[in-house]
Amino acid sequence: MSRRSDVRGGLKLEGLVKRFDDVTAVAGIDLELPPGKLISFLGPSGCGKTTLLRMIAGLERPTEGRIFLDDDDITDRPAYTRDIGMVFQSLALFPHLNVAGNVGYGLRIRGAEKDRISSRVDELLTLVSLEGLADRRIQQLSGGQRQRVATARALALEPRLFLLDEPLSALDANLREQLQVELRLLQQQLGITTIIVTHDQREAMTMSDLVVVMKEGRIEQVGPPLDVYRLPSSPFVAGFIGRTNLLRGEAAGDGSVDVAGHPFDIAGEADRTGEVTLSVRPEAALLVVEGAPERNVLPGTVVFVRDLGELFECFVDCGMEEHVIVAGSPRDWVPVQQGAQVSVHFPADACVVVVP
Amino acid sequence: MSQQERPSPRTYGVLAFPVGMLVIFFLIPFGIMVATSFYHRIEGAFYEPAFELANWQRLFQPVFLERALFSIGICLLAGFVCIVVAFPFTYFLTRMRRRPQVALLIVVLSALSLSEVIVAFSWYILLGRASGVSNILVWLGVMNEAAAYQPSFAAVLLGLCYIAFPYCVLTLYPQLTRLDPEITEAAQTLGASPWRTFWTVVVPIARPLIVAGSLLVFVFTLGSYIIAFFLGRPEHWTLSVFIADQASANANVPFAAAMAIFLTVLSLLVVAAVVLVESRTRRLT
């Protein structure tokens with residue numbers, strides 16, 4: 001085994017394809033993932049993210065392509081020789097073993113001594129804040145505790161890769177957010193290369209160093225979460241990561257775009273010509289009641305207003321295919337009524353060109 | 001989550017039919033049999049109502065006790081052999097793709113349509129000297145001359161396992177289908193080969209199922225008498241053969257009834273003992 005640096009767990013995927021009979025789940029993935037980071041595979045169900053993770057784990061054999069872990073070709077290695085830890089969607093805890101039995105299973109399989117197993121189990125249970133629960137049966141644990149047992153079990157052998165397949169999907173919203181933070185802190189503490197599969201963009205934004213957005217078996221965009229949020233490369237990404245307003249228009253090539261007869265200026269990609277789609281995040285759009293600027297404005301009628309406490313949202317009918325959503329914090333909010341005539345201002349630097 | 005509610009009158013109404021059927025077709029006949037076991041047998045005729053312990057006293061002869069123990073032994077062995085074959089078979093069956101899985105299941109279950117007489121007779125021929133499997137071995141040059149494998153203990157055991165196998169698969173199949181595949185995958189990501197996974201995860205999880213399956217085979221084969229009669233020598237006959245013999249050939253129904261009750265009680269005791277031991281050890285681990 002070659003080991004070039006101290007940081008382990010660099011992963012490289014080359015032309016990965018997976019076909020099940022006549023269904024193509026993964027349609028050609030090339031990706032290089034840096035060691036020690038947390039990467040999320042994000043996409044709607046059926047986009048191939050879980051299949052991709054399972055191929056990395058060795059639970060699914062790629063139809064084409066190679067997988068390299070720290071420059072070792074592991075494509076043909078069975079799962080049990082791959083040096084990975086995985087948390088499954090169902091958690092897949094062993095119902096016949098107690099907490100300690102589950103966490104220590106991998107060590108027992110490798111024939112570790114009893115003392116070493118129990119001290120390592122204690123260490124891991126402390127790591128996931130489950131001290132003193134070693135003798136509990138799995139059936140006696142809460143959802144959150146089970147999740148922690150699954151995490152501890154996957155980390156027991158200090159794997160090079162830590163894989164999580166929608167690990168929090170069975171938990172309620174509050175607990176999910178709490179565990180997202182905990183898992184992220186744990187990952188940073190251990191510095192272990194981690195891949196998490198999720199369809200929840202908030203989860204991906206909370207936890208990841210790098211987001212891989214997938215659609216129909218292909219990668220749509222790769223980047224740090226905020227970059228992907230601010231500069232989505234396609235309408236799909238813009239719509240999947242957060243909400244967005246999509247405006248169709250004609251670009252003139254001089255930085256101006258005609259949106260349904262209204263003149264717009266755009267900050268980036270000024271030399272683009274022809275049909276374009278602009279993405280404007282709801283919180284970047286502004287509601288103007290009086291004295292609207294001449295450019296980058298659409299007039300419309302307020303259809304619906306909702307006050308979510310932390311957030312104020314206004315749905316405006318501007319004659320587009322969908323209602324324009326404007327969001328803001330309650331502090332700087334202009335009070336408007338349902339049915340009011342308003343203008344929505346889309347500042348030039350907030351208009352991101354997405355193709356097509 | 002939901003609290004156990006008191007059953008409503010309607011629930012009792014629904015239960016009335018199956019309970020009634022059980023009473024009419026099981027409890028009452030069983031009661032008649034218990035009564036018959038105390039009746040007086042008239043030599044050369046039939047029997048008449050009476051209360052005598054002669055049938056029961058006759059039962060406690062060494063020959064019948066020895067037959068009873070032999071029956072329990074061979075049927076427990078059949079349960080063991082059957083589960084050893086059926087459990088891995090069913091487990092791998094449930095892991096197969098849908099189409100071959102269904103096809104194989106149909107083949108196994110179609111064996112259920114064969115009557116015990118046909119099964120016994122088929123094995124009688126297959127294991128015989130005249131036209132049995134040994135002729136194929138002779139033809140292949142593996143053996144010098146054809147041999148008879150029946151009557152023998154092994155032939156009886158084989159026959160019992162053969163008739164019980166589909167039932168055993170049927171007991172295991174639904175539960176093994178429901179075994180979450182992610183559990184075995186989890187074991188593999190933790191370094192367990194498929195073989196280790198089978199022994200350290202699948203078998204322990206399915207232990208109650210394994211016990212239930214082998215007990216089913218035990219109880220089921222205990223009632224079989226044609227197999228042992230066809231494929232075994234008298235020393236391989238189970239108590240069921242003697243019961244059938246007494247009831248039909250000797251027309252000694254009271255004695256047959258006593259033996260049948262005796263066998264039922266014995267088998268219940270064995271089942272109770274196994275279940276007790278199983279639940280004990282489960283609590284300890």
# chains A, B, ... in the order shown; residues from 1 in each chain; ligands from 1

call {"tool": "interface_residues", "arguments": {"of": "chain B", "to": "chain A", "cutoff": "8 Å", "atoms": "only C-alpha atoms", "output": "PyMOL selection string"}}
result
chain B and resi 180+182-183+185-193+201+204-205

call {"tool": "write_last_selection", "arguments": {"atoms": "N, CA and C atoms", "output": "short mmCIF file (atom, residue, chain, number, x, y, z; two decimals), in the first residue's frame"}}
result
data_model
loop_
_atom_site.label_atom_id
_atom_site.label_comp_id
_atom_site.auth_asym_id
_atom_site.auth_seq_id
_atom_site.Cartn_x
_atom_site.Cartn_y
_atom_site.Cartn_z
N ASP B 180 -33.40 -7.19 6.87
CA ASP B 180 -32.89 -5.99 6.20
C ASP B 180 -31.52 -6.29 5.55
N GLU B 182 -29.43 -4.35 4.54
CA GLU B 182 -28.41 -3.41 5.02
C GLU B 182 -27.69 -3.96 6.25
N ILE B 183 -28.35 -4.86 6.99
CA ILE B 183 -27.69 -5.41 8.17
C ILE B 183 -26.49 -6.27 7.78
N GLU B 185 -24.95 -6.01 4.95
CA GLU B 185 -23.98 -5.11 4.32
C GLU B 185 -23.17 -4.36 5.38
N ALA B 186 -23.84 -3.98 6.47
CA ALA B 186 -23.14 -3.30 7.55
C ALA B 186 -22.02 -4.19 8.09
N ALA B 187 -22.33 -5.48 8.26
CA ALA B 187 -21.32 -6.41 8.76
C ALA B 187 -20.13 -6.46 7.80
N GLN B 188 -20.43 -6.40 6.50
CA GLN B 188 -19.33 -6.46 5.53
C GLN B 188 -18.48 -5.20 5.55
N THR B 189 -19.12 -4.04 5.72
CA THR B 189 -18.29 -2.83 5.80
C THR B 189 -17.45 -2.83 7.07
N LEU B 190 -17.84 -3.66 8.04
CA LEU B 190 -17.05 -3.75 9.28
C LEU B 190 -16.01 -4.86 9.22
N GLY B 191 -15.82 -5.41 8.04
CA GLY B 191 -14.72 -6.35 7.86
C GLY B 191 -15.10 -7.82 7.88
N ALA B 192 -16.39 -8.13 7.90
CA ALA B 192 -16.80 -9.53 7.94
C ALA B 192 -17.02 -10.05 6.52
N SER B 193 -16.39 -11.17 6.19
CA SER B 193 -16.61 -11.80 4.89
C SER B 193 -18.04 -12.32 4.86
N VAL B 201 -23.99 -12.84 12.14
CA VAL B 201 -25.13 -11.93 12.10
C VAL B 201 -26.43 -12.66 11.72
N PRO B 204 -27.40 -15.75 14.30
CA PRO B 204 -27.88 -15.30 15.62
C PRO B 204 -29.20 -14.53 15.56
N ILE B 205 -29.36 -13.70 14.55
CA ILE B 205 -30.62 -12.95 14.45
C ILE B 205 -31.78 -13.90 14.24
#

call {"tool": "residues_around", "arguments": {"residues": "Thr24 of chain A", "least_positions_apart": "3", "cutoff": "12 Å", "atoms": "only C-alpha atoms", "output": "list in words"}}
result
Leu16, Val17, Lys18, Arg19, Phe20, Asp21, Ala27, Gly28, Gly46, Cys47, Gly48, Thr51, Leu52, Pro62, Thr63, Glu64, Glu216, Gly217 and Arg218 of chain A

call {"tool": "residues_around", "arguments": {"residues": "Leu263 of chain B", "least_positions_apart": "6", "cutoff": "12 Å", "atoms": "only C-alpha atoms", "output": "ChimeraX atom specification"}}
result
/B:59,64-65,67-72,219,222-223,238-243,256-257,269-270

call {"tool": "write_last_selection", "arguments": {"atoms": "N, CA and C atoms", "output": "short mmCIF file (atom, residue, chain, number, x, y, z; two decimals), in the first residue's frame"}}
result
data_model
loop_
_atom_site.label_atom_id
_atom_site.label_comp_id
_atom_site.auth_asym_id
_atom_site.auth_seq_id
_atom_site.Cartn_x
_atom_site.Cartn_y
_atom_site.Cartn_z
N LEU B 59 -49.12 -50.03 27.44
CA LEU B 59 -48.24 -49.03 26.83
C LEU B 59 -46.88 -49.00 27.50
N PHE B 64 -42.72 -50.54 23.72
CA PHE B 64 -43.37 -49.31 23.26
C PHE B 64 -42.64 -48.06 23.74
N LEU B 65 -42.11 -48.12 24.96
CA LEU B 65 -41.33 -46.99 25.46
C LEU B 65 -40.11 -46.77 24.58
N ARG B 67 -39.81 -47.66 21.47
CA ARG B 67 -40.28 -47.11 20.18
C ARG B 67 -40.55 -45.61 20.29
N ALA B 68 -41.13 -45.20 21.43
CA ALA B 68 -41.45 -43.78 21.62
C ALA B 68 -40.16 -42.96 21.63
N LEU B 69 -39.16 -43.44 22.37
CA LEU B 69 -37.89 -42.72 22.43
C LEU B 69 -37.23 -42.67 21.06
N PHE B 70 -37.31 -43.82 20.36
CA PHE B 70 -36.73 -43.87 19.02
C PHE B 70 -37.42 -42.85 18.11
N SER B 71 -38.75 -42.77 18.21
CA SER B 71 -39.51 -41.82 17.38
C SER B 71 -39.05 -40.40 17.65
N ILE B 72 -38.96 -40.08 18.93
CA ILE B 72 -38.56 -38.72 19.29
C ILE B 72 -37.14 -38.45 18.78
N VAL B 219 -42.42 -32.04 14.98
CA VAL B 219 -43.82 -32.37 15.21
C VAL B 219 -44.45 -32.99 13.96
N LEU B 222 -43.21 -36.56 13.29
CA LEU B 222 -43.65 -37.48 14.33
C LEU B 222 -44.96 -38.17 13.92
N GLY B 223 -45.76 -37.47 13.13
CA GLY B 223 -47.04 -38.03 12.73
C GLY B 223 -46.96 -38.90 11.48
N THR B 238 -41.43 -46.00 13.60
CA THR B 238 -41.75 -45.03 14.65
C THR B 238 -43.04 -45.47 15.33
N LEU B 239 -43.35 -44.81 16.44
CA LEU B 239 -44.55 -45.16 17.18
C LEU B 239 -45.80 -45.01 16.31
N SER B 240 -45.74 -44.06 15.37
CA SER B 240 -46.89 -43.83 14.49
C SER B 240 -47.23 -45.08 13.68
N VAL B 241 -46.19 -45.83 13.28
CA VAL B 241 -46.44 -47.06 12.53
C VAL B 241 -47.24 -48.04 13.39
N PHE B 242 -46.86 -48.12 14.66
CA PHE B 242 -47.56 -49.04 15.55
C PHE B 242 -49.00 -48.59 15.79
N ILE B 243 -49.17 -47.27 15.90
CA ILE B 243 -50.53 -46.76 16.10
C ILE B 243 -51.40 -47.15 14.91
N ALA B 256 -54.70 -48.06 20.27
CA ALA B 256 -54.16 -47.05 19.35
C ALA B 256 -54.39 -45.65 19.91
N ALA B 257 -55.58 -45.44 20.49
CA ALA B 257 -55.88 -44.13 21.06
C ALA B 257 -54.94 -43.81 22.21
N LEU B 269 -44.13 -32.21 25.46
CA LEU B 269 -43.10 -32.04 26.47
C LEU B 269 -41.77 -31.65 25.83
N VAL B 270 -41.43 -32.31 24.72
CA VAL B 270 -40.18 -32.00 24.03
C VAL B 270 -40.20 -30.56 23.52
#

call {"tool": "atom_distance", "arguments": {"atom1": "atom CA of Ala78 of chain B", "atom2": "atom CA of Pro29 of chain B"}}
result
28.6 Å

call {"tool": "select_by_dssp", "arguments": {"residues": "segment 119-348 of chain A", "states": "strand (DSSP E)", "output": "ChimeraX atom specification"}}
result
/A:161-165,193-198,210-215,218-223,245-252,256-259,262-265,273-280,286-288,297-307,312-317,324-328,341-345

call {"tool": "write_last_selection", "arguments": {"atoms": "C-alpha atoms", "output": "PDB file, in the first residue's frame"}}
result
ATOM      1  CA  LEU A 161     -13.374   6.772   4.565  1.00  0.00           C
ATOM      2  CA  PHE A 162     -16.520   7.510   6.524  1.00  0.00           C
ATOM      3  CA  LEU A 163     -19.671   7.104   4.446  1.00  0.00           C
ATOM      4  CA  LEU A 164     -23.169   8.107   5.496  1.00  0.00           C
ATOM      5  CA  ASP A 165     -26.291   7.288   3.505  1.00  0.00           C
ATOM      6  CA  THR A 193     -12.656  12.001   4.890  1.00  0.00           C
ATOM      7  CA  THR A 194     -16.431  11.833   5.008  1.00  0.00           C
ATOM      8  CA  ILE A 195     -19.066  11.514   2.332  1.00  0.00           C
ATOM      9  CA  ILE A 196     -22.673  12.087   3.211  1.00  0.00           C
ATOM     10  CA  VAL A 197     -25.562  11.393   0.891  1.00  0.00           C
ATOM     11  CA  THR A 198     -28.542  13.651   1.385  1.00  0.00           C
ATOM     12  CA  LEU A 210     -17.807  20.523  -0.681  1.00  0.00           C
ATOM     13  CA  VAL A 211     -21.185  19.884  -2.258  1.00  0.00           C
ATOM     14  CA  VAL A 212     -21.628  17.591  -5.249  1.00  0.00           C
ATOM     15  CA  VAL A 213     -25.029  18.256  -6.802  1.00  0.00           C
ATOM     16  CA  MET A 214     -26.306  15.321  -8.839  1.00  0.00           C
ATOM     17  CA  LYS A 215     -29.125  14.832 -11.294  1.00  0.00           C
ATOM     18  CA  ARG A 218     -24.555  12.866 -13.506  1.00  0.00           C
ATOM     19  CA  ILE A 219     -22.824  15.646 -11.638  1.00  0.00           C
ATOM     20  CA  GLU A 220     -24.466  19.020 -12.127  1.00  0.00           C
ATOM     21  CA  GLN A 221     -22.087  21.123 -10.057  1.00  0.00           C
ATOM     22  CA  VAL A 222     -19.269  20.721  -7.550  1.00  0.00           C
ATOM     23  CA  GLY A 223     -18.161  23.425  -5.149  1.00  0.00           C
ATOM     24  CA  ASN A 245     -36.763  33.161  -8.883  1.00  0.00           C
ATOM     25  CA  LEU A 246     -36.024  32.254 -12.476  1.00  0.00           C
ATOM     26  CA  LEU A 247     -36.461  35.059 -15.017  1.00  0.00           C
ATOM     27  CA  ARG A 248     -36.249  34.328 -18.751  1.00  0.00           C
ATOM     28  CA  GLY A 249     -34.939  37.031 -21.050  1.00  0.00           C
ATOM     29  CA  GLU A 250     -32.927  38.053 -24.105  1.00  0.00           C
ATOM     30  CA  ALA A 251     -29.334  39.163 -23.545  1.00  0.00           C
ATOM     31  CA  ALA A 252     -28.017  41.879 -25.846  1.00  0.00           C
ATOM     32  CA  SER A 256     -28.254  44.228 -20.527  1.00  0.00           C
ATOM     33  CA  VAL A 257     -31.057  41.704 -20.612  1.00  0.00           C
ATOM     34  CA  ASP A 258     -34.617  42.206 -21.741  1.00  0.00           C
ATOM     35  CA  VAL A 259     -37.019  40.412 -19.369  1.00  0.00           C
ATOM     36  CA  HIS A 262     -38.324  45.339 -18.900  1.00  0.00           C
ATOM     37  CA  PRO A 263     -34.652  46.376 -19.117  1.00  0.00           C
ATOM     38  CA  PHE A 264     -32.263  44.558 -16.770  1.00  0.00           C
ATOM     39  CA  ASP A 265     -28.538  44.960 -16.101  1.00  0.00           C
ATOM     40  CA  THR A 273     -26.120  36.995 -26.040  1.00  0.00           C
ATOM     41  CA  GLY A 274     -29.428  35.337 -26.847  1.00  0.00           C
ATOM     42  CA  GLU A 275     -31.853  33.593 -24.553  1.00  0.00           C
ATOM     43  CA  VAL A 276     -30.768  33.450 -20.907  1.00  0.00           C
ATOM     44  CA  THR A 277     -32.283  32.506 -17.571  1.00  0.00           C
ATOM     45  CA  LEU A 278     -31.530  34.700 -14.573  1.00  0.00           C
ATOM     46  CA  SER A 279     -31.652  33.315 -11.058  1.00  0.00           C
ATOM     47  CA  VAL A 280     -32.381  35.711  -8.222  1.00  0.00           C
ATOM     48  CA  LEU A 286     -36.367  43.825  -2.908  1.00  0.00           C
ATOM     49  CA  LEU A 287     -39.935  44.960  -2.610  1.00  0.00           C
ATOM     50  CA  VAL A 288     -40.453  48.598  -3.616  1.00  0.00           C
ATOM     51  CA  VAL A 297     -37.630  46.128 -11.919  1.00  0.00           C
ATOM     52  CA  LEU A 298     -40.805  44.138 -12.534  1.00  0.00           C
ATOM     53  CA  PRO A 299     -44.193  45.517 -11.548  1.00  0.00           C
ATOM     54  CA  GLY A 300     -46.718  43.151 -10.037  1.00  0.00           C
ATOM     55  CA  THR A 301     -49.553  42.405  -7.656  1.00  0.00           C
ATOM     56  CA  VAL A 302     -49.068  40.967  -4.183  1.00  0.00           C
ATOM     57  CA  VAL A 303     -50.751  37.556  -4.146  1.00  0.00           C
ATOM     58  CA  PHE A 304     -49.875  36.296  -0.698  1.00  0.00           C
ATOM     59  CA  VAL A 305     -47.924  37.472   2.321  1.00  0.00           C
ATOM     60  CA  ARG A 306     -46.662  35.294   5.133  1.00  0.00           C
ATOM     61  CA  ASP A 307     -44.852  36.169   8.309  1.00  0.00           C
ATOM     62  CA  PHE A 312     -41.136  37.597   5.967  1.00  0.00           C
ATOM     63  CA  GLU A 313     -42.228  36.330   2.574  1.00  0.00           C
ATOM     64  CA  CYS A 314     -44.216  37.910  -0.192  1.00  0.00           C
ATOM     65  CA  PHE A 315     -45.483  36.193  -3.347  1.00  0.00           C
ATOM     66  CA  VAL A 316     -45.874  38.611  -6.232  1.00  0.00           C
ATOM     67  CA  ASP A 317     -47.563  37.984  -9.556  1.00  0.00           C
ATOM     68  CA  VAL A 324     -41.879  35.911  -7.737  1.00  0.00           C
ATOM     69  CA  ILE A 325     -40.895  35.313  -4.126  1.00  0.00           C
ATOM     70  CA  VAL A 326     -39.377  38.139  -2.110  1.00  0.00           C
ATOM     71  CA  ALA A 327     -38.054  37.346   1.354  1.00  0.00           C
ATOM     72  CA  GLY A 328     -36.556  39.517   4.035  1.00  0.00           C
ATOM     73  CA  GLN A 341     -49.539  47.029  -6.600  1.00  0.00           C
ATOM     74  CA  VAL A 342     -45.788  46.890  -6.027  1.00  0.00           C
ATOM     75  CA  SER A 343     -42.502  46.733  -7.876  1.00  0.00           C
ATOM     76  CA  VAL A 344     -39.877  44.064  -7.328  1.00  0.00           C
ATOM     77  CA  HIS A 345     -36.296  45.219  -7.667  1.00  0.00           C
TER      78      HIS A 345
END

call {"tool": "residues_around", "arguments": {"residues": "segment 174-191 of chain A", "least_positions_apart": "6", "cutoff": "10 Å", "atoms": "only C-alpha atoms", "output": "count of residues only"}}
result
26

call {"tool": "closest_residue", "arguments": {"among": "B:Thr177, B:Ser224, B:Thr200, B:Thr281", "to": "Glu116 of chain B", "atoms": "only C-alpha atoms"}}
result
B:Ser224

call {"tool": "residues_around", "arguments": {"residues": "segment 30-39 of chain B", "least_positions_apart": "6", "cutoff": "12 Å", "atoms": "only C-alpha atoms", "output": "NGL selection string"}}
result
:B and (22-24 or 46-59 or 247 or 252-262 or 264-265)

call {"tool": "select_by_dssp", "arguments": {"residues": "segment 148-240 of chain B", "states": "helix (DSSP H, G or I)", "output": "JSON list (two decimals) with C-alpha atoms, in the first residue's frame"}}
result
[["chain", "number", "residue", "atom", "x", "y", "z"],
["B", 153, "PHE", "CA", -32.30, -45.92, 9.17],
["B", 154, "ALA", "CA", -30.76, -43.45, 6.70],
["B", 155, "ALA", "CA", -33.55, -44.10, 4.20],
["B", 156, "VAL", "CA", -36.21, -43.34, 6.82],
["B", 157, "LEU", "CA", -34.39, -40.16, 7.83],
["B", 158, "LEU", "CA", -34.05, -39.11, 4.20],
["B", 159, "GLY", "CA", -37.74, -39.70, 3.54],
["B", 160, "LEU", "CA", -38.80, -37.75, 6.63],
["B", 161, "CYS", "CA", -36.55, -34.83, 5.69],
["B", 162, "TYR", "CA", -37.86, -34.90, 2.16],
["B", 163, "ILE", "CA", -41.50, -34.51, 3.15],
["B", 164, "ALA", "CA", -40.74, -31.90, 5.82],
["B", 165, "PHE", "CA", -38.32, -29.78, 3.78],
["B", 166, "PRO", "CA", -40.94, -27.65, 1.94],
["B", 167, "TYR", "CA", -42.72, -26.90, 5.22],
["B", 168, "CYS", "CA", -39.45, -25.90, 6.76],
["B", 169, "VAL", "CA", -38.70, -23.55, 3.85],
["B", 170, "LEU", "CA", -42.22, -22.12, 4.13],
["B", 171, "THR", "CA", -41.68, -21.32, 7.80],
["B", 172, "LEU", "CA", -38.34, -19.62, 7.22],
["B", 173, "TYR", "CA", -39.07, -17.79, 3.98],
["B", 174, "PRO", "CA", -41.32, -14.88, 5.10],
["B", 175, "GLN", "CA", -39.08, -13.85, 7.98],
["B", 176, "LEU", "CA", -35.81, -14.22, 6.09],
["B", 177, "THR", "CA", -37.25, -12.11, 3.27],
["B", 178, "ARG", "CA", -37.81, -9.36, 5.79],
["B", 181, "PRO", "CA", -30.13, -6.47, 3.57],
["B", 182, "GLU", "CA", -28.41, -3.41, 5.02],
["B", 183, "ILE", "CA", -27.69, -5.41, 8.17],
["B", 184, "THR", "CA", -25.52, -7.91, 6.34],
["B", 185, "GLU", "CA", -23.98, -5.11, 4.32],
["B", 186, "ALA", "CA", -23.14, -3.30, 7.55],
["B", 187, "ALA", "CA", -21.32, -6.41, 8.76],
["B", 188, "GLN", "CA", -19.33, -6.46, 5.53],
["B", 189, "THR", "CA", -18.29, -2.83, 5.80],
["B", 194, "PRO", "CA", -19.94, -13.15, 3.62],
["B", 195, "TRP", "CA", -19.22, -16.40, 5.45],
["B", 196, "ARG", "CA", -18.48, -14.62, 8.76],
["B", 197, "THR", "CA", -21.52, -12.42, 8.22],
["B", 198, "PHE", "CA", -23.69, -15.50, 7.87],
["B", 199, "TRP", "CA", -22.43, -16.98, 11.13],
["B", 200, "THR", "CA", -22.08, -13.86, 13.25],
["B", 201, "VAL", "CA", -25.13, -11.93, 12.10],
["B", 202, "VAL", "CA", -27.68, -13.92, 10.10],
["B", 203, "VAL", "CA", -27.75, -17.08, 12.22],
["B", 204, "PRO", "CA", -27.88, -15.30, 15.62],
["B", 205, "ILE", "CA", -30.62, -12.95, 14.45],
["B", 207, "ARG", "CA", -32.13, -18.14, 16.05],
["B", 208, "PRO", "CA", -35.75, -18.16, 17.24],
["B", 209, "LEU", "CA", -36.73, -18.87, 13.65],
["B", 210, "ILE", "CA", -34.28, -21.76, 13.43],
["B", 211, "VAL", "CA", -35.70, -23.27, 16.62],
["B", 212, "ALA", "CA", -39.26, -22.81, 15.37],
["B", 213, "GLY", "CA", -38.44, -24.40, 11.99],
["B", 214, "SER", "CA", -36.80, -27.47, 13.45],
["B", 215, "LEU", "CA", -39.60, -27.93, 15.99],
["B", 216, "LEU", "CA", -42.12, -27.78, 13.18],
["B", 217, "VAL", "CA", -40.27, -30.54, 11.34],
["B", 218, "PHE", "CA", -40.10, -32.55, 14.57],
["B", 219, "VAL", "CA", -43.82, -32.37, 15.21],
["B", 220, "PHE", "CA", -44.67, -32.89, 11.56],
["B", 221, "THR", "CA", -42.51, -35.97, 11.04],
["B", 222, "LEU", "CA", -43.65, -37.48, 14.33],
["B", 226, "ILE", "CA", -45.87, -44.39, 5.81],
["B", 227, "ILE", "CA", -42.27, -43.28, 5.33],
["B", 228, "ALA", "CA", -40.93, -45.36, 8.19],
["B", 229, "PHE", "CA", -43.11, -48.31, 7.22],
["B", 230, "PHE", "CA", -41.93, -48.32, 3.58],
["B", 231, "LEU", "CA", -38.28, -47.39, 3.99],
["B", 234, "PRO", "CA", -39.32, -52.93, 11.98],
["B", 235, "GLU", "CA", -36.53, -51.64, 14.20],
["B", 236, "HIS", "CA", -36.76, -48.32, 12.34],
["B", 239, "LEU", "CA", -44.55, -45.16, 17.18],
["B", 240, "SER", "CA", -46.89, -43.83, 14.49]]

call {"tool": "atom_distance", "arguments": {"atom1": "atom CA of Tyr229 of chain A", "atom2": "atom CA of Arg281 of chain A"}}
result
9.0 Å

call {"tool": "atom_distance", "arguments": {"atom1": "atom CA of Phe240 of chain A", "atom2": "atom CA of Met205 of chain A"}}
result
12.0 Å
